[in-house]
Structures are given as structure tokens and as C-alpha cells.
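Note: the block below is entry-v4.txt and it holds compact mmCIF, C-alpha atoms and all ligand atoms.
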```txt
# COMPACT_ATOMS: atom_id res chain seq x y z
CA MET O 1 0.00 0.00 0.00
CA THR O 2 1.36 3.44 -0.93
CA ALA O 3 1.76 5.69 2.09
CA CYS O 4 -0.44 8.77 2.14
CA LEU O 5 2.51 10.76 3.46
CA ASP O 6 6.14 9.72 3.32
CA VAL O 7 8.61 11.95 5.17
CA ARG O 8 12.21 11.06 4.30
CA ASP O 9 15.09 12.48 6.30
CA ALA O 10 13.36 15.83 6.73
CA THR O 11 15.87 18.30 8.11
CA ARG O 12 15.63 21.99 8.93
CA SER O 13 18.24 24.20 10.54
CA PHE O 14 17.86 27.70 11.91
CA GLY O 15 21.38 29.11 12.02
CA GLY O 16 23.35 26.57 14.05
CA LEU O 17 20.28 24.89 15.52
CA VAL O 18 18.98 21.75 13.82
CA ALA O 19 15.30 22.02 14.75
CA VAL O 20 14.34 18.92 12.73
CA ASN O 21 17.11 16.39 12.19
CA ALA O 22 16.72 13.65 9.55
CA VAL O 23 13.20 12.68 10.61
CA SER O 24 11.54 9.90 8.59
CA PHE O 25 8.12 8.36 9.01
CA GLN O 26 5.06 7.40 6.99
CA VAL O 27 1.37 8.01 7.44
CA MET O 28 -0.77 5.22 6.01
CA PRO O 29 -4.24 5.82 4.54
CA ARG O 30 -7.10 5.66 7.10
CA SER O 31 -4.69 5.90 10.01
CA VAL O 32 -4.18 8.37 12.83
CA THR O 33 -0.57 9.33 13.51
CA ALA O 34 0.41 11.52 16.45
CA VAL O 35 3.65 13.47 16.76
CA ILE O 36 4.62 14.01 20.38
CA GLY O 37 7.68 15.31 22.18
CA PRO O 38 8.78 17.75 24.87
CA ASN O 39 8.56 21.53 24.34
CA GLY O 40 10.95 22.73 21.65
CA ALA O 41 11.43 19.19 20.27
CA GLY O 42 10.69 20.33 16.71
CA LYS O 43 7.06 19.28 16.26
CA THR O 44 5.81 22.60 14.90
CA THR O 45 8.79 22.92 12.56
CA LEU O 46 8.13 19.39 11.29
CA PHE O 47 4.49 20.32 10.62
CA ASN O 48 5.62 23.46 8.81
CA LEU O 49 7.91 21.40 6.58
CA ILE O 50 5.13 19.00 5.68
CA SER O 51 2.48 21.67 5.03
CA GLY O 52 4.92 23.80 3.03
CA ALA O 53 4.97 26.81 5.36
CA ILE O 54 8.78 26.52 5.46
CA ALA O 55 11.20 24.70 3.18
CA PRO O 56 13.39 21.86 4.45
CA SER O 57 17.17 22.29 4.45
CA SER O 58 17.31 18.73 3.12
CA GLY O 59 15.18 15.64 2.83
CA ARG O 60 12.03 14.85 0.88
CA ILE O 61 8.30 14.79 1.41
CA LEU O 62 6.12 12.53 -0.71
CA PHE O 63 2.34 12.68 -0.86
CA GLU O 64 0.67 9.61 -2.37
CA GLY O 65 4.01 8.78 -3.96
CA THR O 66 4.57 12.21 -5.53
CA ASP O 67 7.45 14.42 -4.42
CA ILE O 68 5.89 17.61 -3.01
CA THR O 69 8.92 18.80 -1.05
CA ARG O 70 9.10 22.23 -2.66
CA GLU O 71 5.41 22.87 -3.29
CA ALA O 72 3.66 25.88 -1.78
CA PRO O 73 0.97 25.29 0.89
CA GLU O 74 -1.80 26.15 -1.62
CA ALA O 75 -0.55 23.52 -4.08
CA LYS O 76 -0.39 20.95 -1.29
CA ALA O 77 -3.90 21.90 -0.18
CA ALA O 78 -5.13 21.41 -3.74
CA ARG O 79 -3.75 17.84 -3.57
CA GLY O 80 -5.71 17.23 -0.40
CA LEU O 81 -3.11 17.94 2.27
CA ILE O 82 -5.02 20.26 4.57
CA ARG O 83 -3.90 21.83 7.81
CA THR O 84 -6.56 23.57 9.88
CA PHE O 85 -4.29 26.49 10.47
CA GLN O 86 -3.87 27.06 6.71
CA LEU O 87 -7.44 28.22 6.67
CA VAL O 88 -8.37 31.74 7.57
CA LYS O 89 -9.68 32.24 11.08
CA LEU O 90 -13.36 31.66 11.65
CA PHE O 91 -15.58 34.51 10.50
CA ALA O 92 -17.21 35.68 13.73
CA ASP O 93 -20.23 37.30 12.07
CA LEU O 94 -20.99 34.40 9.73
CA SER O 95 -23.05 31.45 10.86
CA ALA O 96 -21.40 28.10 11.56
CA VAL O 97 -22.77 26.66 8.31
CA GLU O 98 -21.47 29.63 6.31
CA ASN O 99 -18.04 29.16 7.86
CA VAL O 100 -18.03 25.54 6.72
CA LYS O 101 -18.98 26.59 3.19
CA VAL O 102 -15.79 28.65 3.04
CA GLY O 103 -13.87 25.38 3.25
CA PHE O 104 -15.27 24.14 -0.07
CA HIS O 105 -13.40 26.88 -1.91
CA LEU O 106 -10.02 25.57 -0.80
CA ARG O 107 -9.91 22.70 -3.25
CA SER O 108 -12.61 23.40 -5.76
CA ARG O 109 -11.85 26.95 -6.83
CA GLY O 110 -11.81 25.94 -10.47
CA GLY O 111 -14.93 23.91 -9.99
CA LEU O 112 -16.80 26.73 -8.34
CA LEU O 113 -15.71 29.26 -10.93
CA ALA O 114 -16.74 26.93 -13.71
CA ALA O 115 -20.10 26.52 -12.00
CA LEU O 116 -20.53 30.27 -11.75
CA LEU O 117 -20.03 30.55 -15.48
CA ARG O 118 -22.87 28.11 -15.97
CA PRO O 119 -25.75 29.91 -14.26
CA ARG O 120 -28.29 27.12 -14.59
CA ARG O 121 -26.15 24.81 -12.55
CA VAL O 122 -25.43 27.27 -9.80
CA ARG O 123 -28.55 26.79 -7.78
CA GLY O 124 -28.16 23.02 -7.67
CA MET O 125 -24.55 23.39 -6.66
CA GLU O 126 -25.34 25.83 -3.88
CA ALA O 127 -27.97 23.50 -2.49
CA ALA O 128 -25.51 20.59 -2.57
CA ILE O 129 -22.86 22.62 -0.75
CA GLU O 130 -25.38 23.74 1.87
CA ARG O 131 -26.46 20.13 2.43
CA ARG O 132 -22.90 18.87 2.72
CA ALA O 133 -21.94 21.71 5.10
CA ARG O 134 -24.81 20.74 7.41
CA GLU O 135 -23.80 17.06 7.24
CA LEU O 136 -20.28 18.01 8.31
CA LEU O 137 -21.63 20.04 11.22
CA ASP O 138 -23.67 17.00 12.27
CA LEU O 139 -20.52 14.88 12.05
CA VAL O 140 -18.60 17.13 14.47
CA GLY O 141 -21.60 17.45 16.79
CA LEU O 142 -22.54 21.02 15.88
CA GLY O 143 -25.70 20.31 13.92
CA ALA O 144 -27.88 22.25 16.37
CA ALA O 145 -25.57 25.27 16.16
CA ALA O 146 -25.53 25.44 12.35
CA ASP O 147 -27.31 28.79 12.12
CA LEU O 148 -25.68 30.50 15.09
CA PRO O 149 -22.97 33.07 14.40
CA ALA O 150 -19.49 31.66 15.03
CA SER O 151 -19.06 34.33 17.73
CA ALA O 152 -21.83 32.65 19.78
CA LEU O 153 -19.95 29.32 19.97
CA SER O 154 -17.83 28.24 22.93
CA TYR O 155 -14.08 27.89 22.45
CA GLY O 156 -14.38 24.11 22.11
CA GLN O 157 -17.21 24.41 19.59
CA GLY O 158 -15.07 26.84 17.58
CA ARG O 159 -12.29 24.26 17.38
CA LEU O 160 -14.76 21.64 16.17
CA LEU O 161 -16.08 24.10 13.60
CA GLU O 162 -12.53 24.51 12.29
CA VAL O 163 -12.37 20.74 11.82
CA ALA O 164 -15.72 20.71 9.97
CA ARG O 165 -14.49 23.47 7.69
CA ALA O 166 -11.24 21.63 6.98
CA LEU O 167 -13.28 18.52 6.10
CA ALA O 168 -15.25 20.55 3.56
CA ALA O 169 -12.04 20.72 1.53
CA GLU O 170 -12.17 16.91 1.31
CA PRO O 171 -8.67 16.31 2.65
CA LYS O 172 -6.82 13.08 2.03
CA LEU O 173 -4.55 14.03 4.91
CA LEU O 174 -5.82 16.27 7.69
CA MET O 175 -3.16 17.87 9.86
CA LEU O 176 -4.30 19.05 13.28
CA ASP O 177 -2.07 21.18 15.47
CA GLU O 178 -2.91 20.55 19.14
CA PRO O 179 -6.62 20.01 18.50
CA ALA O 180 -7.36 19.29 22.18
CA ALA O 181 -5.72 22.48 23.49
CA GLY O 182 -8.28 24.38 25.53
CA LEU O 183 -10.91 21.63 25.38
CA ASN O 184 -12.49 20.16 28.52
CA ALA O 185 -12.51 16.41 29.22
CA ASP O 186 -15.91 15.89 27.60
CA GLU O 187 -14.95 17.80 24.47
CA THR O 188 -11.63 15.92 24.29
CA ALA O 189 -13.44 12.57 24.44
CA ARG O 190 -15.77 13.70 21.65
CA LEU O 191 -12.80 14.95 19.61
CA SER O 192 -11.12 11.56 19.99
CA SER O 193 -14.10 9.69 18.57
CA LEU O 194 -14.47 12.31 15.82
CA ILE O 195 -10.84 11.82 14.77
CA ARG O 196 -11.37 8.04 14.67
CA ARG O 197 -14.45 8.48 12.49
CA ILE O 198 -12.59 10.85 10.15
CA ALA O 199 -9.84 8.25 9.69
CA GLU O 200 -12.31 5.43 9.17
CA GLY O 201 -14.06 7.61 6.58
CA GLY O 202 -10.89 7.56 4.49
CA THR O 203 -8.98 10.67 5.58
CA ALA O 204 -5.61 10.04 7.19
CA VAL O 205 -4.99 12.22 10.24
CA LEU O 206 -1.66 13.59 11.46
CA LEU O 207 -1.68 15.50 14.70
CA ILE O 208 0.61 17.23 17.14
CA GLU O 209 -0.74 16.84 20.62
CA HIS O 210 0.32 17.39 24.20
CA ASP O 211 -2.74 15.69 25.68
CA MET O 212 -1.42 12.15 26.23
CA HIS O 213 -4.88 10.85 27.00
CA LEU O 214 -6.06 11.89 23.53
CA VAL O 215 -2.92 10.52 21.87
CA MET O 216 -3.03 7.15 23.60
CA ASN O 217 -6.76 6.72 22.94
CA THR O 218 -6.81 7.91 19.35
CA ALA O 219 -3.54 7.27 17.51
CA ASP O 220 -2.62 4.08 15.65
CA ASP O 221 0.96 5.18 15.45
CA VAL O 222 2.97 7.61 17.59
CA VAL O 223 6.12 9.39 16.41
CA VAL O 224 8.24 10.73 19.27
CA VAL O 225 10.71 13.55 18.65
CA ASP O 226 13.25 15.03 21.02
CA PHE O 227 15.88 17.66 20.18
CA GLY O 228 14.83 17.46 16.53
CA LYS O 229 15.35 13.71 16.20
CA LYS O 230 12.88 10.88 16.04
CA ILE O 231 13.62 8.79 19.12
CA ALA O 232 10.78 6.27 18.85
CA GLN O 233 7.80 5.25 16.75
CA GLY O 234 5.10 2.69 17.34
CA ALA O 235 1.71 1.84 18.75
CA PRO O 236 0.67 3.78 21.88
CA ASP O 237 1.15 0.78 24.19
CA ARG O 238 4.72 0.30 23.04
CA ILE O 239 5.54 4.00 23.19
CA ARG O 240 4.26 4.25 26.77
CA GLN O 241 6.88 1.71 27.86
CA ASP O 242 9.77 2.86 25.67
CA PRO O 243 12.76 3.75 27.88
CA ALA O 244 13.98 6.51 25.51
CA VAL O 245 10.54 8.13 25.57
CA ILE O 246 10.26 7.93 29.34
CA ALA O 247 13.75 9.44 29.67
CA ALA O 248 12.91 12.30 27.26
CA TYR O 249 9.82 13.23 29.26
CA LEU O 250 11.48 12.96 32.64
CA GLY O 251 14.71 14.62 31.53
N1 LIG O 301 11.93 30.51 12.83
C1 LIG O 301 12.79 30.05 13.74
N2 LIG O 301 14.00 30.63 13.90
C2 LIG O 301 14.88 30.16 14.81
N3 LIG O 301 14.65 29.11 15.61
C3 LIG O 301 13.45 28.48 15.51
C4 LIG O 301 12.47 28.93 14.57
N4 LIG O 301 11.39 28.10 14.69
C5 LIG O 301 11.69 27.21 15.65
N5 LIG O 301 12.92 27.42 16.15
C6 LIG O 301 13.60 26.63 17.17
O1 LIG O 301 13.54 25.28 16.77
C7 LIG O 301 13.34 24.42 17.89
C8 LIG O 301 12.09 23.58 17.67
O2 LIG O 301 10.95 24.41 17.77
P1 LIG O 301 9.47 23.91 17.49
O3 LIG O 301 8.56 25.09 17.66
O4 LIG O 301 9.42 23.20 16.20
O5 LIG O 301 9.26 22.88 18.67
P2 LIG O 301 7.90 22.24 19.22
O6 LIG O 301 8.21 20.82 19.48
O7 LIG O 301 6.79 22.56 18.32
O8 LIG O 301 7.71 23.00 20.60
P3 LIG O 301 6.34 23.30 21.43
O9 LIG O 301 5.85 21.98 21.90
O10 LIG O 301 6.85 24.15 22.55
O11 LIG O 301 5.42 24.01 20.51
C9 LIG O 301 13.25 25.33 19.11
O12 LIG O 301 14.52 25.34 19.73
C10 LIG O 301 12.90 26.67 18.52
O13 LIG O 301 13.40 27.70 19.34
```

Translate the structure of the given file into C-alpha cells.
Ligand SMILES: Nc1ncnc2c1ncn2[C@@H]1O[C@H](COP(=O)(O)OP(=O)(O)OP(=O)(O)O)[C@@H](O)[C@H]1O
Amino acid sequence: MTACLDVRDATRSFGGLVAVNAVSFQVMPRSVTAVIGPNGAGKTTLFNLISGAIAPSSGRILFEGTDITREAPEAKAARGLIRTFQLVKLFADLSAVENVKVGFHLRSRGGLLAALLRPRRVRGMEAAIERRARELLDLVGLGAAADLPASALSYGQGRLLEVARALAAEPKLLMLDEPAAGLNADETARLSSLIRRIAEGGTAVLLIEHDMHLVMNTADDVVVVDFGKKIAQGAPDRIRQDPAVIAAYLG
């Protein structure tokens, strides 16, 4: 099976500091992979290399077998590599469902423009987008809030709305940067089951997360980085007992 994402020896230096040092790992289709590590380990830099926000000093990044190392974030998004943070912030005055509709434009700009040039089709297309946006809100548990302005949502609901909007772009790989940050225990449990459902629906998920409970309950595969290097990779149960991982967190 071709990996959805294949990171090969990704390296990035800032001056003398090697923030990400020859990190390699793969994300398989329909799987959830978590990147963990102590503060300053290089997780955010690694995410930036994958999403295209910054260029690697060396190494390669393949998406569905194609080398995308030097592609811009927009080009990667068009392939289906979507990071929540690539999207603009939520529009406070727009309703939840309208915010989700914004996500459709990320990948289907050509499609939408073409539709606009064919007036008779527009109405059908708008109705389909509206329907799909509401389905996505149901999926993340915000169905009842669809018509509320984003500003009326709680912090946790706002984070879930960001996920729904990212899903509107039909990602093949969804990258989530600390999705549980600021969520309460209930919301975190719901997020965990949502991430599992997203993966089972055919979208691979790659996340950075500090909440070990979420990681251990949600991820199929855990990549541990420390001082820029990958020090371990494996299933949550194995990672929990890995001496190098324990040392990194205690040290
Ligand atoms: N643009 C930059 N210029 C210089 N140094 C940087 C830059 N970005 C990151 N670094 C350094 O690279 C190292 C890794 O940082 P990074 O933010 O990737 O770690 P992290 O694992 O995401 O940390 P945290 O968990 O605290 O968010 C740190 O030492 C950081 O200071």
C-alpha cells in the first residue's frame, strides 16, 4: 500500500540549531498518527515542513508517492493535504454553516468558478454545498448550532467548527495542530471519537498533541521527537513503555 505521506530524512536548521534532524516516518491511509515530544522538540517545525509553510534544508516529502517537497501550501492543499491552520480564522459574524462553506473553496476553486459561469447549474450546486456543510456540522456534533454566528460558539465548539471546515475541503490528509488544546474532558473525548471516524471515513490524520490521553486513545501510530530527532515510533502501548521516551519526558 502506498503511504499517504512519506517523510524522508526531513531536516531543517535555523542558524546553528537543527530544529528537525533527519526525521523519517510514513502516514498510512485511514490511520491516525500523532507526533509528540517535549517543548521545543521540533514538532511545529516538522508540521511546517510538511504543510509547506517553510522549506526543508534537506530531505524529501512525498504525498501519495509524488514528491511535493518544494510545493507551496496552496498547491499541497489542492492535492488534499489540509492543515486547519492554513485556513483563515473563523468569520465571527458568519453562521457556523457559512463558515463551513468557506472550506469548499479551498480545493474546488476551479470547480466553483466553472459553476458560476454556468448559471443554470449554480442553484443546484449551492444546495448541494449547503447540504454537505450541514452534514459536516452533524458529524462534528454542531448540527444544532448550524445557524448560530461563530461568535456565539464556545471555544471548544469553535475548534470543532474549524475541523468541519477543513473537512469541507475533502482532505486526504488532515493535519491538526494541538486540536485538544483548551478543550475540557468531555470535548476531548468527543474529539477523539471524531478523529477516529474521520480516519475510518478515508482521511488520514496527522496531529501534534500534548494531551497524552487523547494521543493514547486515538492514535494508531505515535512518532516521538526530542531535540529534533525521532527517538521512537510505534503503537501507543509500546511508546508508553519505551525507555527513551520515558527518559525524554522525565529529563
Ligand atoms: N523561525 C525560527 N528561527 C529560529 N529558531 C526556531 C524557529 N522556529 C523554531 N525554532 C527553534 O527550533 C526548535 C524547535 O521548535 P518547534 O517550535 O518546532 O518545537 P515544538 O516541538 O513545536 O515545541 P512546542 O511543543 O513548545 O510548541 C526550538 O529550539 C525553537 O526555538

Practice item. Throw together the list of residues within 6 Å of ligand LIG 301 (chain O), counting only C-alpha atoms and all ligand atoms, and drop it here as an MDAnalysis selection string. Key: chainID O and resid 14 19 38:45

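Among O:Val163, O:Met28, O:Ile198, O:Ala127, the residue with the shortest atom-to-atom distance to Asp220 of chain O, counting only C-alpha atoms, is O:Met28.
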
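Distance check against Leu174 of chain O using only C-alpha atoms: of O:Gly124, O:Asp237, O:Ala77, O:Arg60, the minimum falls on O:Ala77.
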
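Counting only C-alpha atoms, segment 184-189 of chain O has the following residues at most 12 Å away, ignoring those fewer than 4 positions along the same chain: Val140, Gly141, Leu142, Ser154, Tyr155, Gly156, Gln157, Gly158, Arg159, Leu160, Glu178, Pro179, Ala180, Ser193, Leu194, Ile195, Arg196, Glu209, Asp211, Met212, His213, Leu214, Val215, Met216, Asn217 and Thr218 of chain O.
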
Practice item. Would you kindly return, as a PyMOL selection string, each protein, DNA or RNA residue with an atom no farther than 12 Å from any atom of Ala166 of chain O, considering all atoms listed in the file and excluding same-chain residues fewer than 4 positions away? Key: chain O and resi 77+80-90+99-107+133+136-137+140+159-162+170-176+198+203+205

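In this model, the gap between atom CA of Asp177 of chain O and atom CA of Leu46 of chain O comes to 11.2 Å.
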
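Minimum atom-to-atom distance to Gln26 of chain O, evaluated using all atoms listed in the file, belongs to O:Ile61 out of O:Ala244, O:Met125, O:Leu49, O:Ile61.
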
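Separating atom CA of Arg70 of chain O from atom CA of Ala204 of chain O is a distance of 21.5 Å.
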
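For the set O:Arg190, O:Arg132, O:Ala3, O:Ala219, the residue with the smallest atom-to-atom gap to Arg165 of chain O is O:Arg132, counting all atoms listed in the file.
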
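Among the candidates O:Val23, O:Val32, O:Leu148, O:Ala248, the one nearest to Ile208 of chain O when counting all atoms listed in the file is O:Val32.
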
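The interatomic distance for the pair atom CA of Val97 of chain O and atom CA of Ala146 of chain O works out to 5.0 Å.
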
Point to revise | Given all atoms listed in the file as the counted atoms, nearest of O:Ala150, O:Val18, O:Val224, O:Ile36 to His210 of chain O | key: O:Ile36

Check your understanding: Residues at most 12 Å from Ala247 of chain O, counting only C-alpha atoms, excluding those fewer than 3 positions away in the same chain, as a VMD selection string?
Key -> chain O and resid 37 to 38 224 226 231 to 232 239 to 244 250 to 251

**Study point:** Exercise: Leu5 of chain O partners within 6 Å, all atoms listed in the file, chain neighbours under 4 positions left out, as a PyMOL selection string
**Key:** chain O and resi 26-27+62-63

Could segment 58-90 of chain O be completed with N, CA and C atoms and returned as an mmCIF file, in the coordinates of the input?
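Result file rebuild-v9.cif:
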```
data_model
loop_
_atom_site.group_PDB
_atom_site.id
_atom_site.type_symbol
_atom_site.label_atom_id
_atom_site.label_comp_id
_atom_site.auth_asym_id
_atom_site.auth_seq_id
_atom_site.Cartn_x
_atom_site.Cartn_y
_atom_site.Cartn_z
ATOM 1 N N SER O 58 17.114 19.931 3.938
ATOM 2 C CA SER O 58 17.310 18.730 3.120
ATOM 3 C C SER O 58 16.246 17.710 3.448
ATOM 4 N N GLY O 59 16.195 16.664 2.645
ATOM 5 C CA GLY O 59 15.180 15.640 2.830
ATOM 6 C C GLY O 59 14.034 15.804 1.853
ATOM 7 N N ARG O 60 13.137 14.840 1.846
ATOM 8 C CA ARG O 60 12.030 14.850 0.880
ATOM 9 C C ARG O 60 10.702 14.550 1.558
ATOM 10 N N ILE O 61 9.651 15.066 0.942
ATOM 11 C CA ILE O 61 8.300 14.790 1.410
ATOM 12 C C ILE O 61 7.471 14.312 0.236
ATOM 13 N N LEU O 62 6.942 13.107 0.362
ATOM 14 C CA LEU O 62 6.120 12.530 -0.710
ATOM 15 C C LEU O 62 4.682 12.445 -0.247
ATOM 16 N N PHE O 63 3.773 12.782 -1.146
ATOM 17 C CA PHE O 63 2.340 12.680 -0.860
ATOM 18 C C PHE O 63 1.745 11.750 -1.901
ATOM 19 N N GLU O 64 1.191 10.643 -1.462
ATOM 20 C CA GLU O 64 0.670 9.610 -2.370
ATOM 21 C C GLU O 64 1.686 9.271 -3.457
ATOM 22 N N GLY O 65 2.947 9.190 -3.051
ATOM 23 C CA GLY O 65 4.010 8.780 -3.960
ATOM 24 C C GLY O 65 4.625 9.888 -4.787
ATOM 25 N N THR O 66 4.044 11.096 -4.736
ATOM 26 C CA THR O 66 4.570 12.210 -5.530
ATOM 27 C C THR O 66 5.423 13.124 -4.651
ATOM 28 N N ASP O 67 6.572 13.527 -5.168
ATOM 29 C CA ASP O 67 7.450 14.420 -4.420
ATOM 30 C C ASP O 67 6.836 15.823 -4.368
ATOM 31 N N ILE O 68 6.496 16.279 -3.166
ATOM 32 C CA ILE O 68 5.890 17.610 -3.010
ATOM 33 C C ILE O 68 6.758 18.507 -2.128
ATOM 34 N N THR O 69 8.030 18.119 -1.983
ATOM 35 C CA THR O 69 8.920 18.800 -1.050
ATOM 36 C C THR O 69 8.895 20.318 -1.204
ATOM 37 N N ARG O 70 8.950 20.777 -2.439
ATOM 38 C CA ARG O 70 9.100 22.230 -2.660
ATOM 39 C C ARG O 70 7.793 22.916 -3.026
ATOM 40 N N GLU O 71 6.675 22.229 -2.909
ATOM 41 C CA GLU O 71 5.410 22.870 -3.290
ATOM 42 C C GLU O 71 4.928 23.845 -2.217
ATOM 43 N N ALA O 72 4.223 24.889 -2.683
ATOM 44 C CA ALA O 72 3.660 25.880 -1.780
ATOM 45 C C ALA O 72 2.455 25.279 -1.049
ATOM 46 N N PRO O 73 2.111 25.823 0.119
ATOM 47 C CA PRO O 73 0.970 25.290 0.890
ATOM 48 C C PRO O 73 -0.310 25.193 0.060
ATOM 49 N N GLU O 74 -0.555 26.171 -0.826
ATOM 50 C CA GLU O 74 -1.800 26.150 -1.620
ATOM 51 C C GLU O 74 -1.813 24.956 -2.566
ATOM 52 N N ALA O 75 -0.646 24.661 -3.158
ATOM 53 C CA ALA O 75 -0.550 23.520 -4.080
ATOM 54 C C ALA O 75 -0.761 22.219 -3.315
ATOM 55 N N LYS O 76 -0.213 22.154 -2.111
ATOM 56 C CA LYS O 76 -0.390 20.950 -1.290
ATOM 57 C C LYS O 76 -1.854 20.805 -0.885
ATOM 58 N N ALA O 77 -2.483 21.937 -0.553
ATOM 59 C CA ALA O 77 -3.900 21.900 -0.180
ATOM 60 C C ALA O 77 -4.741 21.403 -1.345
ATOM 61 N N ALA O 78 -4.376 21.833 -2.554
ATOM 62 C CA ALA O 78 -5.130 21.410 -3.740
ATOM 63 C C ALA O 78 -5.007 19.903 -3.960
ATOM 64 N N ARG O 79 -3.912 19.305 -3.474
ATOM 65 C CA ARG O 79 -3.750 17.840 -3.570
ATOM 66 C C ARG O 79 -4.535 17.100 -2.492
ATOM 67 N N GLY O 80 -4.964 17.864 -1.474
ATOM 68 C CA GLY O 80 -5.710 17.230 -0.400
ATOM 69 C C GLY O 80 -4.945 17.125 0.907
ATOM 70 N N LEU O 81 -3.863 17.891 1.013
ATOM 71 C CA LEU O 81 -3.110 17.940 2.270
ATOM 72 C C LEU O 81 -3.517 19.232 2.973
ATOM 73 N N ILE O 82 -4.384 19.090 3.964
ATOM 74 C CA ILE O 82 -5.020 20.260 4.570
ATOM 75 C C ILE O 82 -4.645 20.375 6.050
ATOM 76 N N ARG O 83 -4.206 21.543 6.417
ATOM 77 C CA ARG O 83 -3.900 21.830 7.810
ATOM 78 C C ARG O 83 -4.899 22.869 8.288
ATOM 79 N N THR O 84 -5.508 22.642 9.445
ATOM 80 C CA THR O 84 -6.560 23.570 9.880
ATOM 81 C C THR O 84 -6.064 25.002 9.877
ATOM 82 N N PHE O 85 -4.834 25.161 10.287
ATOM 83 C CA PHE O 85 -4.290 26.490 10.470
ATOM 84 C C PHE O 85 -4.040 27.213 9.152
ATOM 85 N N GLN O 86 -4.010 26.440 8.041
ATOM 86 C CA GLN O 86 -3.870 27.060 6.710
ATOM 87 C C GLN O 86 -5.107 27.872 6.353
ATOM 88 N N LEU O 87 -6.206 27.529 6.989
ATOM 89 C CA LEU O 87 -7.440 28.220 6.670
ATOM 90 C C LEU O 87 -7.461 29.544 7.407
ATOM 91 N N VAL O 88 -8.204 30.484 6.840
ATOM 92 C CA VAL O 88 -8.370 31.740 7.570
ATOM 93 C C VAL O 88 -9.114 31.474 8.865
ATOM 94 N N LYS O 89 -8.970 32.380 9.811
ATOM 95 C CA LYS O 89 -9.680 32.240 11.080
ATOM 96 C C LYS O 89 -11.182 32.188 10.818
ATOM 97 N N LEU O 90 -11.905 31.700 11.785
ATOM 98 C CA LEU O 90 -13.360 31.660 11.650
ATOM 99 C C LEU O 90 -13.896 33.084 11.476
#
```
